[in-house]
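What follows is the content of start-v3.pdb (PDB, C-alpha atoms and all ligand atoms).
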ATOM      1  CA  MET A   1     112.575 168.121  -0.019  1.00  0.00           C
ATOM      2  CA  PHE A   2     109.602 167.240   2.179  1.00  0.00           C
ATOM      3  CA  SER A   3     109.424 169.901   4.846  1.00  0.00           C
ATOM      4  CA  LYS A   4     107.301 168.954   7.820  1.00  0.00           C
ATOM      5  CA  PRO A   5     106.995 172.496   9.216  1.00  0.00           C
ATOM      6  CA  MET A   6     105.930 173.775   5.795  1.00  0.00           C
ATOM      7  CA  TYR A   7     103.489 170.944   5.329  1.00  0.00           C
ATOM      8  CA  ARG A   8     101.947 171.615   8.750  1.00  0.00           C
ATOM      9  CA  GLU A   9     101.551 175.292   7.929  1.00  0.00           C
ATOM     10  CA  MET A  10      99.855 174.540   4.602  1.00  0.00           C
ATOM     11  CA  LEU A  11      97.462 172.088   6.247  1.00  0.00           C
ATOM     12  CA  ARG A  12      96.649 174.585   8.966  1.00  0.00           C
ATOM     13  CA  TYR A  13      95.856 177.153   6.298  1.00  0.00           C
ATOM     14  CA  LEU A  14      93.655 174.742   4.348  1.00  0.00           C
ATOM     15  CA  ARG A  15      91.701 173.712   7.445  1.00  0.00           C
ATOM     16  CA  GLU A  16      91.222 177.292   8.607  1.00  0.00           C
ATOM     17  CA  ASN A  17      89.916 178.197   5.202  1.00  0.00           C
ATOM     18  CA  GLY A  18      87.332 175.484   5.004  1.00  0.00           C
ATOM     19  CA  ALA A  19      89.052 172.760   2.965  1.00  0.00           C
ATOM     20  CA  THR A  20      87.117 169.495   2.918  1.00  0.00           C
ATOM     21  CA  SER A  21      88.788 166.207   3.812  1.00  0.00           C
ATOM     22  CA  VAL A  22      88.653 165.273   0.110  1.00  0.00           C
ATOM     23  CA  GLN A  23      90.455 168.488  -0.832  1.00  0.00           C
ATOM     24  CA  ILE A  24      93.067 167.839   1.824  1.00  0.00           C
ATOM     25  CA  ALA A  25      93.583 164.275   0.583  1.00  0.00           C
ATOM     26  CA  HIS A  26      94.139 165.574  -2.963  1.00  0.00           C
ATOM     27  CA  TYR A  27      96.438 168.258  -1.664  1.00  0.00           C
ATOM     28  CA  ASN A  28      98.478 165.555   0.069  1.00  0.00           C
ATOM     29  CA  GLU A  29      98.784 163.748  -3.266  1.00  0.00           C
ATOM     30  CA  HIS A  30     100.425 166.838  -4.751  1.00  0.00           C
ATOM     31  CA  TRP A  31     102.918 166.875  -1.901  1.00  0.00           C
ATOM     32  CA  ARG A  32     103.726 163.231  -2.428  1.00  0.00           C
ATOM     33  CA  ARG A  33     104.281 163.802  -6.131  1.00  0.00           C
ATOM     34  CA  ALA A  34     106.458 166.849  -5.502  1.00  0.00           C
ATOM     35  CA  ASP A  35     108.445 164.875  -2.954  1.00  0.00           C
ATOM     36  CA  HIS A  36     109.271 162.207  -5.564  1.00  0.00           C
ATOM     37  CA  ASN A  37     109.708 164.606  -8.439  1.00  0.00           C
ATOM     38  CA  PRO A  38     110.915 168.147  -7.665  1.00  0.00           C
ATOM     39  CA  SER A  39     109.672 169.411 -11.049  1.00  0.00           C
ATOM     40  CA  GLN A  40     106.138 168.924  -9.714  1.00  0.00           C
ATOM     41  CA  PRO A  41     104.833 171.944  -7.814  1.00  0.00           C
ATOM     42  CA  ILE A  42     103.958 172.090  -4.157  1.00  0.00           C
ATOM     43  CA  PRO A  43     100.628 173.824  -4.601  1.00  0.00           C
ATOM     44  CA  CYS A  44      99.795 177.169  -3.060  1.00  0.00           C
ATOM     45  CA  PRO A  45      96.880 176.476  -0.659  1.00  0.00           C
ATOM     46  CA  THR A  46      95.125 179.716  -1.574  1.00  0.00           C
ATOM     47  CA  CYS A  47      95.108 178.941  -5.287  1.00  0.00           C
ATOM     48  CA  TYR A  48      94.360 175.308  -4.545  1.00  0.00           C
ATOM     49  CA  LEU A  49      91.152 176.251  -2.721  1.00  0.00           C
ATOM     50  CA  ALA A  50      90.265 178.394  -5.724  1.00  0.00           C
ATOM     51  CA  GLY A  51      90.665 175.353  -7.959  1.00  0.00           C
ATOM     52  CA  SER A  52      94.120 175.751  -9.471  1.00  0.00           C
ATOM     53  CA  VAL A  53      97.596 174.419  -8.819  1.00  0.00           C
ATOM     54  CA  SER A  54     100.259 177.110  -8.514  1.00  0.00           C
ATOM     55  CA  ARG A  55     103.838 176.600  -7.515  1.00  0.00           C
ATOM     56  CA  LEU A  56     105.201 177.782  -4.176  1.00  0.00           C
ATOM     57  CA  THR A  57     108.770 179.057  -4.420  1.00  0.00           C
ATOM     58  CA  SER A  58     111.064 179.023  -1.400  1.00  0.00           C
ATOM     59  CA  LEU A  59     112.699 182.246  -0.324  1.00  0.00           C
ATOM     60  CA  PRO A  60     115.739 182.483   1.955  1.00  0.00           C
ATOM     61  CA  ALA A  61     114.998 181.760   5.610  1.00  0.00           C
ATOM     62  CA  VAL A  62     115.618 184.569   8.086  1.00  0.00           C
ATOM     63  CA  ALA A  63     116.215 183.921  11.797  1.00  0.00           C
ATOM     64  CA  GLY A  64     114.673 180.467  11.689  1.00  0.00           C
ATOM     65  CA  ILE A  65     111.606 181.574   9.778  1.00  0.00           C
ATOM     66  CA  ALA A  66     111.260 180.079   6.331  1.00  0.00           C
ATOM     67  CA  LYS A  67     109.197 181.792   3.705  1.00  0.00           C
ATOM     68  CA  VAL A  68     107.546 180.626   0.513  1.00  0.00           C
ATOM     69  CA  ARG A  69     105.696 182.662  -2.067  1.00  0.00           C
ATOM     70  CA  CYS A  70     103.101 181.666  -4.607  1.00  0.00           C
ATOM     71  CA  ASP A  71     104.192 182.315  -8.200  1.00  0.00           C
ATOM     72  CA  VAL A  72     100.635 183.237  -9.189  1.00  0.00           C
ATOM     73  CA  CYS A  73      98.773 184.992  -6.365  1.00  0.00           C
ATOM     74  CA  HIS A  74     102.022 186.168  -4.686  1.00  0.00           C
ATOM     75  CA  ARG A  75     100.777 185.324  -1.220  1.00  0.00           C
ATOM     76  CA  PHE A  76     103.508 184.655   1.332  1.00  0.00           C
ATOM     77  CA  PHE A  77     103.467 181.835   3.845  1.00  0.00           C
ATOM     78  CA  ASP A  78     105.973 181.572   6.618  1.00  0.00           C
ATOM     79  CA  TYR A  79     106.745 178.960   9.194  1.00  0.00           C
ATOM     80  CA  LYS A  80     109.335 178.183  11.846  1.00  0.00           C
ATOM     81  CA  ILE A  81     112.078 175.761  10.989  1.00  0.00           C
ATOM     82  CA  GLY A  82     114.415 173.744  13.208  1.00  0.00           C
TER      83      GLY A  82
HETATM   84 ZN    ZN B   1      98.555 181.215  -4.912  1.00  0.00          ZN
END
Final C-alpha cells representation of the file:
Amino acid sequence: MFSKPMYREMLRYLRENGATSVQIAHYNEHWRRADHNPSQPIPCPTCYLAGSVSRLTSLPAVAGIAKVRCDVCHRFFDYKIG
C-alpha cells in the first residue's frame, strides 16, 4: 500500500507550496493511518493545505508513470514508479 514514489511526490508538492513542518508531520500521520487501514484516505495535498482531507484515488499507470486523482478538487498528481 505504502508507495514511496507517491509519498515523495506528495511531500515535494507540500514543501513547494509552503507547508509548515507541523503540517507535514500531520500529513505523515494520515499516511501512516492509511497504510494500516486502507479505508482511511491518503489525503490530497492541495486540499490538505486548504484545511480538508480528501481521498486520492489511483488511476492505471501508463509507461511507468503512476497517476492519482483527488476525489474532491480533481487535481492529478503523477510520479515515476519502478
Ligand atoms: Zn484535492
**Request:** Produce as a ChimeraX atom specification the set of residues near ligand ZN 1 (chain B), where near means within 6 Å with only C-alpha atoms and all ligand atoms considered.
**Result:** /A:44,46-47,54,70,72-73,75
**Complete:** Atom pair CA of Ala25 in chain A + CA of Arg12 in chain A, distance 13.6 Å
**Prompt:** Mind pulling up the distance from CA of Lys80 in chain A to CA of Ala63 in chain A?
**Reply:**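 We find that CA of Ala63 in chain A and CA of Lys80 in chain A lie 9.0 Å from each other.
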**Prompt:** Please, what distance in Å, to one decimal, runs between CA of Pro41 in chain A and CA of Arg55 in chain A?
**Reply:**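 Going from CA of Pro41 in chain A over to CA of Arg55 in chain A covers 4.8 Å.
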Return as JSON the centre and edge lengths, in Å with one decimal, of the box along x, y and z that encloses every atom of range 19-28 of chain A in the file, padded by 3 Å per side.
{"center_x": 92.8, "center_y": 168.5, "center_z": 0.4, "size_x": 17.4, "size_y": 14.5, "size_z": 12.8}
Please list as a PDB file with C-alpha atoms, in the coordinates of the input every residue within 10 Å of Leu59 in chain A, counting only C-alpha atoms and excluding residues in the same chain fewer than 5 positions away.
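Result saved to result-v9.pdb:
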ATOM      1  CA  ALA A  66     111.260 180.079   6.331  1.00  0.00           C
ATOM      2  CA  LYS A  67     109.197 181.792   3.705  1.00  0.00           C
ATOM      3  CA  VAL A  68     107.546 180.626   0.513  1.00  0.00           C
ATOM      4  CA  ARG A  69     105.696 182.662  -2.067  1.00  0.00           C
ATOM      5  CA  PHE A  76     103.508 184.655   1.332  1.00  0.00           C
ATOM      6  CA  ASP A  78     105.973 181.572   6.618  1.00  0.00           C
TER       7      ASP A  78
END
